[in-house]
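Enquirer: Below you'll find query-v2.txt; it's compact mmCIF, C-alpha atoms.
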```txt
# COMPACT_ATOMS: atom_id res chain seq x y z
CA MET A 19 0.00 0.00 0.00
CA SER A 20 2.79 2.36 0.92
CA ALA A 21 4.59 1.41 -2.28
CA GLY A 22 1.48 2.33 -4.27
CA ARG A 23 1.26 5.71 -2.53
CA ALA A 24 4.94 6.33 -3.21
CA THR A 25 4.42 5.48 -6.86
CA ASN A 26 1.44 7.84 -7.10
CA ARG A 27 3.48 10.56 -5.44
CA ASP A 28 6.29 10.03 -7.93
CA VAL A 29 3.84 10.15 -10.82
CA ASN A 30 2.33 13.39 -9.52
CA THR A 31 5.79 14.89 -9.14
CA PHE A 32 6.69 13.84 -12.69
CA ALA A 33 3.38 15.25 -13.96
CA MET A 34 4.11 18.62 -12.40
CA LYS A 35 7.47 18.67 -14.13
CA LEU A 36 5.73 18.00 -17.42
CA VAL A 37 3.35 20.89 -16.78
CA GLU A 38 6.24 23.21 -16.02
CA ARG A 39 8.01 22.13 -19.19
CA TYR A 40 4.81 22.67 -21.16
CA ILE A 41 4.43 26.21 -19.81
CA PHE A 42 8.12 26.96 -20.34
CA SER A 43 8.00 25.69 -23.92
CA ARG A 44 5.01 27.86 -24.84
CA ALA A 45 6.50 30.98 -23.26
CA PHE A 46 9.90 30.33 -24.82
CA LYS A 47 8.49 29.95 -28.33
CA LEU A 48 6.41 33.12 -28.07
CA SER A 49 9.31 35.10 -26.58
CA ALA A 50 11.71 33.86 -29.27
CA GLY A 51 9.23 34.78 -32.00
CA ALA A 52 8.68 38.24 -30.55
CA LEU A 53 12.45 38.70 -30.19
CA LEU A 54 13.09 37.80 -33.82
CA VAL A 55 10.39 40.17 -35.09
CA ALA A 56 11.62 43.02 -32.88
CA LEU A 57 15.23 42.37 -33.91
CA ALA A 58 14.28 42.45 -37.59
CA ILE A 59 12.50 45.81 -37.21
CA ALA A 60 15.19 47.43 -35.05
CA TRP A 61 17.99 46.01 -37.19
CA THR A 62 16.39 47.38 -40.37
CA THR A 63 16.14 50.89 -38.93
CA GLN A 64 19.76 50.77 -37.74
CA ILE A 65 20.98 49.60 -41.16
CA LEU A 66 19.05 52.28 -43.06
CA ALA A 67 20.57 54.95 -40.81
CA ARG A 68 24.11 53.77 -41.65
CA ILE A 69 23.82 52.53 -45.21
CA ASN A 70 25.50 55.69 -46.49
CA ILE A 71 28.74 54.54 -44.87
CA VAL A 72 28.89 51.71 -47.39
CA THR A 73 27.35 53.36 -50.44
CA ASP A 74 29.34 56.60 -50.21
CA SER A 75 32.67 54.84 -49.70
CA GLY A 76 32.22 52.26 -52.45
CA GLN A 77 32.66 49.33 -50.11
CA THR A 78 31.83 45.79 -51.17
CA ALA A 79 28.75 43.78 -50.33
CA GLY A 80 30.83 41.82 -47.82
CA THR A 81 31.52 45.02 -45.87
CA PHE A 82 27.82 45.81 -45.87
CA LEU A 83 26.93 42.35 -44.53
CA GLU A 84 29.64 42.62 -41.87
CA LEU A 85 28.35 46.02 -40.76
CA ALA A 86 24.78 44.73 -40.70
CA THR A 87 25.77 41.75 -38.56
CA LEU A 88 27.78 43.89 -36.15
CA LEU A 89 24.74 46.05 -35.43
CA LEU A 90 22.68 43.12 -34.08
CA PRO A 91 24.36 42.85 -30.62
CA LYS A 92 23.53 46.49 -29.99
CA VAL A 93 19.82 45.79 -30.45
CA VAL A 94 19.49 42.52 -28.51
CA PRO A 95 19.65 43.89 -24.90
CA VAL A 96 17.11 46.60 -25.75
CA VAL A 97 14.39 44.41 -27.27
CA MET A 98 14.90 41.25 -25.20
CA PRO A 99 12.95 42.45 -22.10
CA PHE A 100 9.98 43.34 -24.28
CA ALA A 101 10.13 39.93 -25.97
CA ILE A 102 10.03 38.30 -22.52
CA ILE A 103 7.03 40.34 -21.34
CA ILE A 104 5.14 39.62 -24.59
CA GLY A 105 5.87 35.89 -24.44
CA ILE A 106 4.93 35.46 -20.77
CA SER A 107 1.82 37.64 -20.76
CA GLN A 108 0.47 36.16 -24.00
CA THR A 109 1.13 32.58 -22.80
CA LEU A 110 -0.66 33.13 -19.49
CA THR A 111 -3.53 35.02 -21.10
CA THR A 112 -4.10 32.23 -23.63
CA MET A 113 -3.91 29.55 -20.94
CA ASN A 114 -6.41 31.54 -18.87
CA GLN A 115 -8.82 31.80 -21.81
CA ASP A 116 -8.52 28.04 -22.41
CA SER A 117 -9.14 27.38 -18.68
CA GLU A 118 -5.74 25.69 -18.38
CA LEU A 119 -4.73 27.84 -15.41
CA ALA A 120 -8.00 26.97 -13.69
CA VAL A 121 -7.37 23.26 -14.23
CA ILE A 122 -3.83 23.55 -12.85
CA ALA A 123 -5.11 25.40 -9.78
CA ALA A 124 -7.96 22.89 -9.26
CA SER A 125 -5.51 19.98 -9.36
CA GLY A 126 -3.92 21.26 -6.18
CA SER A 127 -0.75 22.61 -7.77
CA SER A 128 0.92 25.57 -6.13
CA ARG A 129 1.53 28.88 -7.91
CA SER A 130 5.17 27.88 -8.28
CA THR A 131 4.06 25.59 -11.10
CA ILE A 132 3.34 28.72 -13.11
CA LEU A 133 5.98 31.00 -11.63
CA LYS A 134 8.96 28.66 -11.87
CA PRO A 135 9.13 28.15 -15.68
CA MET A 136 8.56 31.86 -16.30
CA LEU A 137 11.29 32.90 -13.88
CA VAL A 138 13.68 30.34 -15.37
CA LEU A 139 13.02 31.82 -18.81
CA ALA A 140 13.61 35.34 -17.46
CA LEU A 141 16.87 34.34 -15.76
CA MET A 142 18.10 32.75 -18.99
CA ALA A 143 17.34 36.02 -20.77
CA CYS A 144 19.22 37.94 -18.04
CA VAL A 145 22.32 35.80 -18.51
CA LEU A 146 22.17 36.22 -22.29
CA ALA A 147 21.64 39.99 -21.95
CA PHE A 148 24.64 40.27 -19.59
CA LEU A 149 26.93 38.35 -21.93
CA VAL A 150 25.84 40.28 -25.01
CA ASN A 151 25.97 43.64 -23.24
CA ASN A 152 29.40 43.18 -21.69
CA LEU A 153 31.26 40.87 -24.09
CA VAL A 154 29.77 40.76 -27.57
CA GLU A 155 28.42 44.30 -27.97
CA PRO A 156 31.64 46.18 -27.03
CA LEU A 157 33.69 44.16 -29.51
CA SER A 158 31.12 44.69 -32.26
CA ARG A 159 31.00 48.42 -31.51
CA GLN A 160 34.78 48.64 -31.78
CA ARG A 161 34.73 46.89 -35.14
CA VAL A 162 32.01 49.26 -36.39
CA ARG A 163 34.20 52.20 -35.34
CA GLU A 164 37.09 50.76 -37.33
CA ILE A 165 34.93 50.30 -40.44
CA VAL A 166 33.67 53.87 -40.19
CA ALA A 167 37.20 55.24 -39.70
CA THR A 168 38.45 53.28 -42.70
CA ALA A 169 35.53 54.41 -44.87
CA HIS A 170 36.09 58.04 -43.95
CA ALA A 171 39.78 57.72 -44.81
CA ASP A 172 38.97 56.36 -48.26
CA LEU A 173 39.57 58.90 -51.04
CA LEU A 174 36.44 57.81 -52.89
CA SER A 175 34.23 58.49 -49.84
CA THR A 176 35.64 61.98 -49.22
CA VAL A 177 36.35 63.33 -52.73
CA ILE A 178 35.03 61.19 -55.56
CA GLN A 179 31.31 60.55 -55.87
CA GLU A 180 29.34 58.62 -58.45
CA GLY A 181 28.17 60.62 -61.46
CA THR A 182 29.96 63.84 -60.51
CA PHE A 183 32.98 65.68 -61.92
CA ARG A 184 35.16 66.38 -58.89
CA LYS A 185 38.33 68.40 -58.44
CA ILE A 186 41.01 66.52 -56.50
CA ASP A 187 43.89 68.95 -56.90
CA GLU A 188 44.74 72.02 -58.94
CA GLY A 189 44.57 70.83 -62.53
CA LEU A 190 43.37 67.29 -61.64
CA PHE A 191 39.74 66.22 -62.11
CA VAL A 192 38.12 62.79 -61.82
CA GLN A 193 34.71 61.51 -62.87
CA ILE A 194 33.20 58.07 -62.16
CA ALA A 195 30.08 57.05 -64.06
CA GLU A 196 28.92 54.28 -61.73
CA ARG A 197 29.84 51.96 -58.90
CA LEU A 198 29.41 48.31 -59.75
CA PRO A 199 27.98 45.76 -57.26
CA ASP A 200 31.33 43.98 -56.94
CA GLY A 201 33.03 47.18 -55.72
CA ARG A 202 34.64 48.11 -59.04
CA LEU A 203 34.19 51.43 -60.82
CA GLY A 204 32.70 51.86 -64.27
CA GLY A 205 33.26 54.66 -66.77
CA ILE A 206 36.35 56.44 -65.42
CA PHE A 207 37.60 59.78 -66.76
CA VAL A 208 40.68 61.58 -65.42
CA ALA A 209 41.78 65.03 -66.67
CA ASP A 210 45.35 65.95 -65.66
CA SER A 211 46.73 69.37 -66.62
CA ARG A 212 49.10 69.86 -63.70
CA GLN A 213 52.14 69.89 -65.97
CA GLU A 214 52.27 73.21 -67.82
CA GLY A 215 51.59 72.93 -71.54
CA ILE A 216 50.62 69.22 -71.43
CA ASP A 217 47.08 67.94 -71.06
CA LEU A 218 46.47 64.28 -70.25
CA ASN A 219 43.01 62.74 -70.49
CA TYR A 220 42.53 59.17 -69.27
CA TYR A 221 39.56 57.02 -70.21
CA ALA A 222 38.81 53.54 -68.85
CA LYS A 223 35.86 51.15 -68.96
CA TYR A 224 36.57 49.74 -65.53
CA GLY A 225 38.77 50.38 -62.56
CA GLU A 226 39.24 49.90 -58.84
CA VAL A 227 41.07 51.51 -55.96
CA GLN A 228 43.69 49.32 -54.28
CA GLN A 229 45.79 49.84 -51.21
CA ARG A 230 49.47 48.82 -51.44
CA ASP A 231 51.20 49.35 -48.09
CA ASP A 232 50.71 53.07 -47.41
CA GLN A 233 49.98 53.94 -51.03
CA GLN A 234 46.63 54.14 -52.78
CA PHE A 235 46.32 53.54 -56.53
CA LEU A 236 43.50 53.89 -59.04
CA PHE A 237 43.89 50.92 -61.40
CA MET A 238 42.23 51.67 -64.75
CA ILE A 239 41.44 48.73 -67.04
CA ASP A 240 40.79 48.69 -70.80
CA GLY A 241 41.18 52.33 -71.72
CA GLU A 242 43.25 54.93 -73.49
CA VAL A 243 45.13 58.13 -72.70
CA HIS A 244 45.06 61.26 -74.87
CA ARG A 245 48.16 63.43 -74.63
CA LYS A 246 48.05 66.97 -75.97
CA SER A 247 51.48 68.59 -76.41
CA PRO A 248 52.21 72.36 -76.34
CA GLY A 249 52.18 72.44 -80.16
CA GLY A 250 48.61 71.15 -80.26
CA ASP A 251 49.43 67.64 -81.43
CA VAL A 252 47.37 64.87 -79.83
CA SER A 253 48.65 61.33 -79.36
CA VAL A 254 46.45 58.42 -78.34
CA VAL A 255 47.77 55.40 -76.49
CA ARG A 256 45.60 52.40 -75.66
CA TYR A 257 46.34 50.34 -72.55
CA ALA A 258 45.10 47.17 -70.91
CA SER A 259 45.75 48.51 -67.40
CA TYR A 260 47.20 51.67 -65.96
CA ALA A 261 47.96 52.58 -62.32
CA PHE A 262 47.29 56.16 -61.24
CA ASP A 263 48.88 57.13 -57.90
CA LEU A 264 46.38 58.76 -55.48
CA SER A 265 48.46 58.54 -52.30
CA GLU A 266 49.34 62.23 -52.11
CA PHE A 267 45.66 63.20 -52.29
CA ALA A 268 44.13 60.64 -49.94
CA PRO A 269 43.59 61.65 -46.30
CA LYS A 270 45.42 59.65 -43.70
CA ALA A 271 43.43 57.03 -41.83
CA ALA A 272 42.60 58.22 -38.35
CA ALA A 273 42.62 55.84 -35.42
CA ALA A 274 39.15 54.82 -34.25
CA GLN A 275 38.07 56.66 -31.12
CA TYR A 276 36.31 54.51 -28.51
CA ALA A 277 33.59 55.89 -26.23
CA PRO A 278 32.71 54.24 -22.88
CA LYS A 279 29.91 52.29 -24.59
CA ASP A 280 32.51 50.73 -26.88
CA GLN A 281 34.67 49.43 -24.02
CA THR A 282 34.52 45.99 -22.45
CA LEU A 283 33.48 45.48 -18.84
CA THR A 284 37.09 44.71 -17.88
CA TYR A 285 38.22 48.07 -19.25
CA LEU A 286 35.41 49.90 -17.44
CA LEU A 287 36.46 48.29 -14.15
CA TRP A 288 40.16 49.03 -14.65
CA PRO A 289 40.36 51.92 -17.13
CA ASP A 290 43.45 53.59 -18.52
CA PRO A 291 44.19 56.64 -16.30
CA ASN A 292 45.02 58.62 -19.45
CA ASP A 293 41.65 57.87 -21.07
CA GLY A 294 40.09 61.15 -22.18
CA TYR A 295 36.68 60.28 -20.75
CA VAL A 296 38.17 59.28 -17.39
CA LYS A 297 40.14 62.53 -17.15
CA ASN A 298 37.63 65.00 -18.61
CA ALA A 299 34.19 63.39 -18.02
CA PRO A 300 34.48 60.81 -15.22
CA ALA A 301 30.72 60.91 -14.47
CA PHE A 302 29.96 60.02 -18.08
CA PHE A 303 32.47 57.15 -18.00
CA TYR A 304 31.31 55.58 -14.74
CA ALA A 305 27.63 56.04 -15.63
CA GLU A 306 28.21 53.48 -18.38
CA LEU A 307 29.73 51.08 -15.83
CA HIS A 308 26.68 51.34 -13.56
CA ARG A 309 24.36 50.90 -16.56
CA ARG A 310 26.16 47.65 -17.41
CA PHE A 311 25.54 46.39 -13.86
CA THR A 312 21.77 47.00 -14.09
CA GLU A 313 20.84 46.56 -17.76
CA TRP A 314 20.84 42.77 -17.51
CA ALA A 315 18.11 42.78 -14.80
CA TYR A 316 15.31 44.22 -16.96
CA PRO A 317 14.19 40.86 -18.44
CA LEU A 318 13.56 39.63 -14.88
CA VAL A 319 11.74 42.85 -13.92
CA PHE A 320 9.56 42.64 -17.02
CA ALA A 321 8.82 38.98 -16.32
CA LEU A 322 7.60 39.89 -12.82
CA ILE A 323 5.39 42.60 -14.32
CA ALA A 324 3.89 40.09 -16.77
CA LEU A 325 3.26 37.58 -13.98
CA ALA A 326 1.60 40.25 -11.84
CA ALA A 327 -0.66 41.31 -14.72
CA ALA A 328 -1.57 37.94 -16.23
CA GLY A 329 -0.59 35.21 -13.76
CA ASP A 330 -3.85 35.01 -11.84
CA VAL A 331 -6.79 32.73 -12.58
CA ARG A 332 -9.79 34.86 -13.51
CA SER A 333 -12.47 35.33 -16.09
CA HIS A 334 -11.48 37.78 -18.79
CA ARG A 335 -14.90 39.35 -18.50
CA GLN A 336 -13.55 40.81 -15.25
CA ALA A 337 -10.60 42.44 -17.01
CA ARG A 338 -11.31 45.92 -18.33
CA VAL A 339 -7.99 46.01 -20.20
CA HIS A 340 -6.12 43.11 -21.78
CA PRO A 341 -3.36 41.95 -19.38
CA MET A 342 -0.70 42.29 -22.08
CA VAL A 343 -1.65 45.93 -22.63
CA THR A 344 -1.39 46.60 -18.91
CA ALA A 345 1.98 44.86 -18.66
CA ILE A 346 3.51 46.58 -21.69
CA CYS A 347 2.29 50.04 -20.64
CA PHE A 348 3.87 49.65 -17.21
CA ALA A 349 7.03 48.18 -18.78
CA LEU A 350 7.37 51.20 -21.06
CA LEU A 351 7.16 53.46 -18.02
CA VAL A 352 9.84 51.43 -16.24
CA ARG A 353 12.12 51.52 -19.28
CA TRP A 354 11.68 55.27 -19.58
CA GLU A 355 12.63 55.65 -15.93
CA GLY A 356 15.77 53.60 -16.55
CA TYR A 357 16.82 55.66 -19.56
CA PHE A 358 16.05 58.92 -17.76
CA VAL A 359 18.14 58.26 -14.65
CA ALA A 360 20.98 56.73 -16.74
CA ASP A 361 21.07 59.88 -18.86
CA LYS A 362 21.13 62.08 -15.75
CA ALA A 363 23.88 59.94 -14.20
CA GLU A 364 26.15 60.85 -17.13
CA ASN A 365 26.26 64.42 -15.82
CA SER A 366 25.86 63.93 -12.07
CA SER A 367 26.94 61.03 -9.86
CA ALA A 368 24.03 61.83 -7.51
CA PHE A 369 21.74 59.90 -9.89
CA VAL A 370 23.83 56.71 -9.72
CA PRO A 371 21.79 55.17 -6.84
CA LEU A 372 18.63 55.70 -8.90
CA VAL A 373 20.13 53.62 -11.72
CA TYR A 374 19.96 50.64 -9.34
CA ALA A 375 16.73 51.76 -7.66
CA VAL A 376 14.63 51.68 -10.85
CA PRO A 377 14.88 47.90 -11.54
CA ILE A 378 14.96 46.94 -7.84
CA LEU A 379 11.93 48.97 -6.73
CA ASN A 380 9.82 48.19 -9.79
CA GLY A 381 10.67 44.51 -9.52
CA ALA A 382 9.74 44.55 -5.82
CA PHE A 383 6.49 46.37 -6.66
CA ALA A 384 5.49 43.65 -9.15
CA ALA A 385 6.62 40.91 -6.74
CA TYR A 386 4.35 42.39 -4.06
CA PHE A 387 1.28 41.85 -6.27
CA ILE A 388 2.41 38.29 -7.02
CA ALA A 389 3.01 37.45 -3.34
CA ARG A 390 -0.32 38.96 -2.25
CA ASN A 391 -2.15 37.30 -5.14
CA LYS A 392 -3.56 40.66 -6.18
CA VAL A 393 -4.62 41.63 -9.69
CA PHE A 394 -2.25 44.15 -11.26
CA GLU A 395 -4.32 46.34 -13.56
CA PHE A 396 -5.22 49.95 -14.19
CA PRO A 397 -7.73 51.55 -11.77
CA ALA A 398 -11.32 51.32 -12.96
CA SER A 399 -11.66 55.12 -12.94
CA TRP A 400 -8.75 55.41 -15.41
CA THR A 401 -10.12 52.83 -17.81
CA ASP A 402 -13.63 54.31 -17.62
CA ARG A 403 -12.27 57.76 -18.37
CA VAL A 404 -10.19 56.54 -21.33
CA ALA A 405 -13.17 54.55 -22.63
CA GLY A 406 -15.37 57.63 -22.30
CA LEU A 407 -12.90 59.76 -24.24
CA PHE A 408 -12.61 57.10 -26.93
CA ASN A 409 -16.38 56.75 -27.29
CA ALA A 410 -16.82 60.53 -27.44
CA ALA A 411 -14.17 60.84 -30.16
CA ARG A 412 -15.73 57.98 -32.09
CA ALA A 413 -19.20 59.52 -31.87
CA ARG A 414 -17.84 62.86 -33.05
CA LEU A 415 -16.16 61.25 -36.06
CA LEU A 416 -19.41 59.47 -36.94
CA ARG A 417 -21.38 62.71 -36.71
CA LEU A 418 -18.88 64.46 -38.96
CA ARG A 419 -18.96 61.59 -41.43
CA PHE A 420 -22.74 61.32 -41.66
CA GLY A 421 -23.13 65.09 -41.54
CA VAL A 422 -20.94 65.48 -44.62
CA SER A 423 -22.81 62.64 -46.37
CA GLY A 424 -26.16 64.26 -45.55
CA ARG A 425 -25.08 67.62 -46.99
CA ARG A 426 -23.89 65.88 -50.17
CA LEU A 427 -27.29 64.17 -50.57
CA GLU A 428 -29.16 67.44 -50.02
CA GLY A 429 -27.01 69.14 -52.64
CA GLY A 430 -27.69 66.39 -55.15
CA SER A 431 -24.15 65.09 -55.18
CA PRO A 432 -23.74 61.45 -56.08
```
The structure given in the file should be rewritten as structure tokens.

Expert:
Amino acid sequence: MSAGRATNRDVNTFAMKLVERYIFSRAFKLSAGALLVALAIAWTTQILARINIVTDSGQTAGTFLELATLLLPKVVPVVMPFAIIIGISQTLTTMNQDSELAVIAASGSSRSTILKPMLVLALMACVLAFLVNNLVEPLSRQRVREIVATAHADLLSTVIQEGTFRKIDEGLFVQIAERLPDGRLGGIFVADSRQEGIDLNYYAKYGEVQQRDDQQFLFMIDGEVHRKSPGGDVSVVRYASYAFDLSEFAPKAAAAQYAPKDQTLTYLLWPDPNDGYVKNAPAFFYAELHRRFTEWAYPLVFALIALAAAGDVRSHRQARVHPMVTAICFALLVRWEGYFVADKAENSSAFVPLVYAVPILNGAFAAYFIARNKVFEFPASWTDRVAGLFNAARARLLRLRFGVSGRRLEGGSP
């Protein structure tokens, strides 16, 4: 008999583990989907803002793909908390609508059956956010700085532009008809009259700029050069390839300058005493260090907010506002608070304690609702007022619409 009870107890324990895995799996899939969509949107906006770095400098498609990839780590820590809150709140809301939460509660399971998988998911997101924020993102930022510095040092990005006739030096003009997808140049024309009495005009179907040690050359392929002598005679020489030295006109490559956001966590903890930010703007430098210590906690804070808003068993007829809407609205407020105090901490160290207070206090506030088993939602007076304003605006739009239609009918308009 005791063996049978032990077996039943083991089965019940195993069943609870299956329930937790089921909840975790649903929340994980929804959070991953939301993360991918948010990453795609944020990544697209970041790329469009920096696409001129590649197009204006004539870089290859490989450089563009590298730059696009390097921008992803910058976006991940920002959108991950919102992906967590969407995944958890939507999972719990759907399970509530399907009466799954009610069945779990009626079976005698504790609230930890619901809380545990969600908190595990949030902690996994916190670890990932910490690693990306402190290891991957700084290295990717540094590489982006190097690409930008190299592009700005390229002669073609600073002087020569597609479809324009540009003056490089006194008596030296260059025109490029087009930039080809493989990085080469098409339709090259160079007019050189620097030597008194001699005019040289170079034509080429194709060409490319190459770097040899510290020298930069314009290699022109399949073209001809027209040489006009002081007496007016013109000689034409065809060539398969010709190298035109651009080194004396190209600006020197400047070393990439790293801001505190571009530095690794190790550097922020033990910075170079001669670092310009440490010497001239120490508050700005150490504000980034404190941000790194708190940024990773927002997935956990947002998970607590989602659990407080959607983790209770109730009929959705009781909810005036969808739990996900409530959770996201409060999460946006929390994120704004975090950005606000972090921005203030860059100018005054007095705001540093608030950088830690924002995630701690808001997380504790959401945990209070969870521990007390209270419903976290907007006050009824707020929702009634917003609903009243919405209904009034809708009625006004309908009156305007039907009023205009009535006047058209009275005037005989079709």

Enquirer: To one decimal in Å, tell me the separation between CA of Trp314 (chain A) and CA of Phe387 (chain A).

Expert: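 Computed distance, CA of Trp314 (chain A) to CA of Phe387 (chain A), equals 22.6 Å.
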
Enquirer: Hey, which of A:Ser366, A:Gln229, A:Ser211, A:Ser49 ends up closest to Phe100 (chain A)? Count all atoms listed in the file.

Expert: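 Nearest to Phe100 (chain A): A:Ser49.
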
Enquirer: With a cut-off of 12 Å, could you pull out the residues of region 270-296 of chain A touching region 348-364 of chain A and give me the nearest pair of atoms for each, distance in Å to one decimal, using all atoms listed in the file, ordered by chain and ascending number, as CSV?

Expert:
```
residue,atom,partner,partner_atom,distance
A:Pro278,CA,A:Glu364,CA,10.9
A:Lys279,CA,A:Glu364,CA,12.0
A:Tyr295,CA,A:Glu364,CA,11.1
```

Enquirer: What separation in Å, quoted to one decimal, exists between CA of Phe207 (chain A) and CA of Gly225 (chain A)?

Expert: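 Distance reported for this atom pair: 10.4 Å.
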
Enquirer: What gap, in Å, lies between CA of Leu139 (chain A) and CA of Val93 (chain A)?

Expert: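 CA of Leu139 (chain A) sits 19.4 Å away from CA of Val93 (chain A).
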
Enquirer: When you count all atoms listed in the file, which of these residues is closest to Thr131 (chain A): A:Ala382, A:Ile41, A:Val255, A:Val192?

Expert: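 Looking only at the distances to Thr131 (chain A), the closest residue turns out to be A:Ile41.
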
Enquirer: Find the smallest box with edges along x, y and z containing every listed atom of region 367-386 of chain A, then add 3 Å on each side and report centre and edge lengths in Å to one decimal, as AutoDock Vina command-line options.

Expert:
```
--center_x 15.6 --center_y 51.4 --center_z -7.9 --size_x 28.6 --size_y 26.9 --size_z 13.7
```

Enquirer: Name the residues in contact with region 256-262 of chain A at a cut-off of 7 Å, using all atoms listed in the file, excluding same-chain residues fewer than 2 positions from it; report them as a PyMOL selection string.

Expert: chain A and resi 235-243+254+264

Enquirer: What does the file look like for those residues with C-alpha atoms, as a tab-separated table (two decimals), keeping the file's coordinate frame?

Expert:
```tsv
chain	number	residue	atom	x	y	z
A	235	PHE	CA	46.32	53.54	-56.53
A	236	LEU	CA	43.50	53.89	-59.04
A	237	PHE	CA	43.89	50.92	-61.40
A	238	MET	CA	42.23	51.67	-64.75
A	239	ILE	CA	41.44	48.73	-67.04
A	240	ASP	CA	40.79	48.69	-70.80
A	241	GLY	CA	41.18	52.33	-71.72
A	242	GLU	CA	43.25	54.93	-73.49
A	243	VAL	CA	45.13	58.13	-72.70
A	254	VAL	CA	46.45	58.42	-78.34
A	264	LEU	CA	46.38	58.76	-55.48
```

Enquirer: When you count only C-alpha atoms, which of these residues is closest to Gly51 (chain A): A:Arg159, A:His244, A:Val97, A:His340?

Expert: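 Closest candidate: A:Val97.
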
Enquirer: Let me make sure I understand: among A:Ile106, A:Val227, A:Met342, A:Gly215, which one has the smallest atom-to-atom distance to Gly250 (chain A) if we use all atoms listed in the file?

Expert: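 Among A:Ile106, A:Val227, A:Met342, A:Gly215, it is A:Gly215 that comes nearest to Gly250 (chain A).
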
Enquirer: Could you tell me which of A:Gln275, A:Val208, A:Gly189, A:Glu306 comes closest to Asp263 (chain A) if we count all atoms listed in the file?

Expert: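 Of the candidates, the smallest distance to Asp263 (chain A) is held by A:Val208.
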
Enquirer: Measuring atom to atom with only C-alpha atoms, identify which of A:Lys223, A:Tyr285, A:Tyr374, A:Val37 is nearest to Leu133 (chain A).

Expert: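 Result for the nearest residue to Leu133 (chain A): A:Val37.
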
Enquirer: Excluding Arg212 (chain A) and residues on its chain fewer than 3 positions from it, collect all residues at most 12 Å away from it, counting all atoms listed in the file, and give them as a count of residues only.

Expert: 13

Enquirer: List as a PyMOL selection string the protein and nucleic acid residues near Ile59 (chain A), meaning an atom at most 12 Å away when only C-alpha atoms are counted, but skip any in the same chain fewer than 5 places from it.

Expert: chain A and resi 52-54+64-66+90+93-94+97

Enquirer: Give me the residues near Asn380 (chain A) as a PyMOL selection string, where near means some atom within 8 Å (using all atoms listed in the file) and where sequence neighbours in that chain fewer than 3 positions away do not count.

Expert: chain A and resi 319+352+376-377+383-384

Enquirer: Take the residues from that selection and put them in a file with C-alpha atoms, as a JSON list (two decimals), keeping the file's coordinate frame.

Expert:
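Written out: selection.json:
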```json
[["chain", "number", "residue", "atom", "x", "y", "z"],
["A", 319, "VAL", "CA", 11.74, 42.85, -13.92],
["A", 352, "VAL", "CA", 9.84, 51.43, -16.24],
["A", 376, "VAL", "CA", 14.63, 51.68, -10.85],
["A", 377, "PRO", "CA", 14.88, 47.90, -11.54],
["A", 383, "PHE", "CA", 6.49, 46.37, -6.66],
["A", 384, "ALA", "CA", 5.49, 43.65, -9.15]]
```

Enquirer: Take the point (34.4, 55.9, -26.6) as written in the file and pick out every residue within 12 Å of it, counting all atoms listed in the file; give the list as JSON, numbers by chain.

Expert: {"A": [156, 159, 160, 163, 274, 275, 276, 277, 278, 279, 280, 281, 282, 285, 286, 289, 293, 294, 295, 296, 299, 302, 303, 306]}
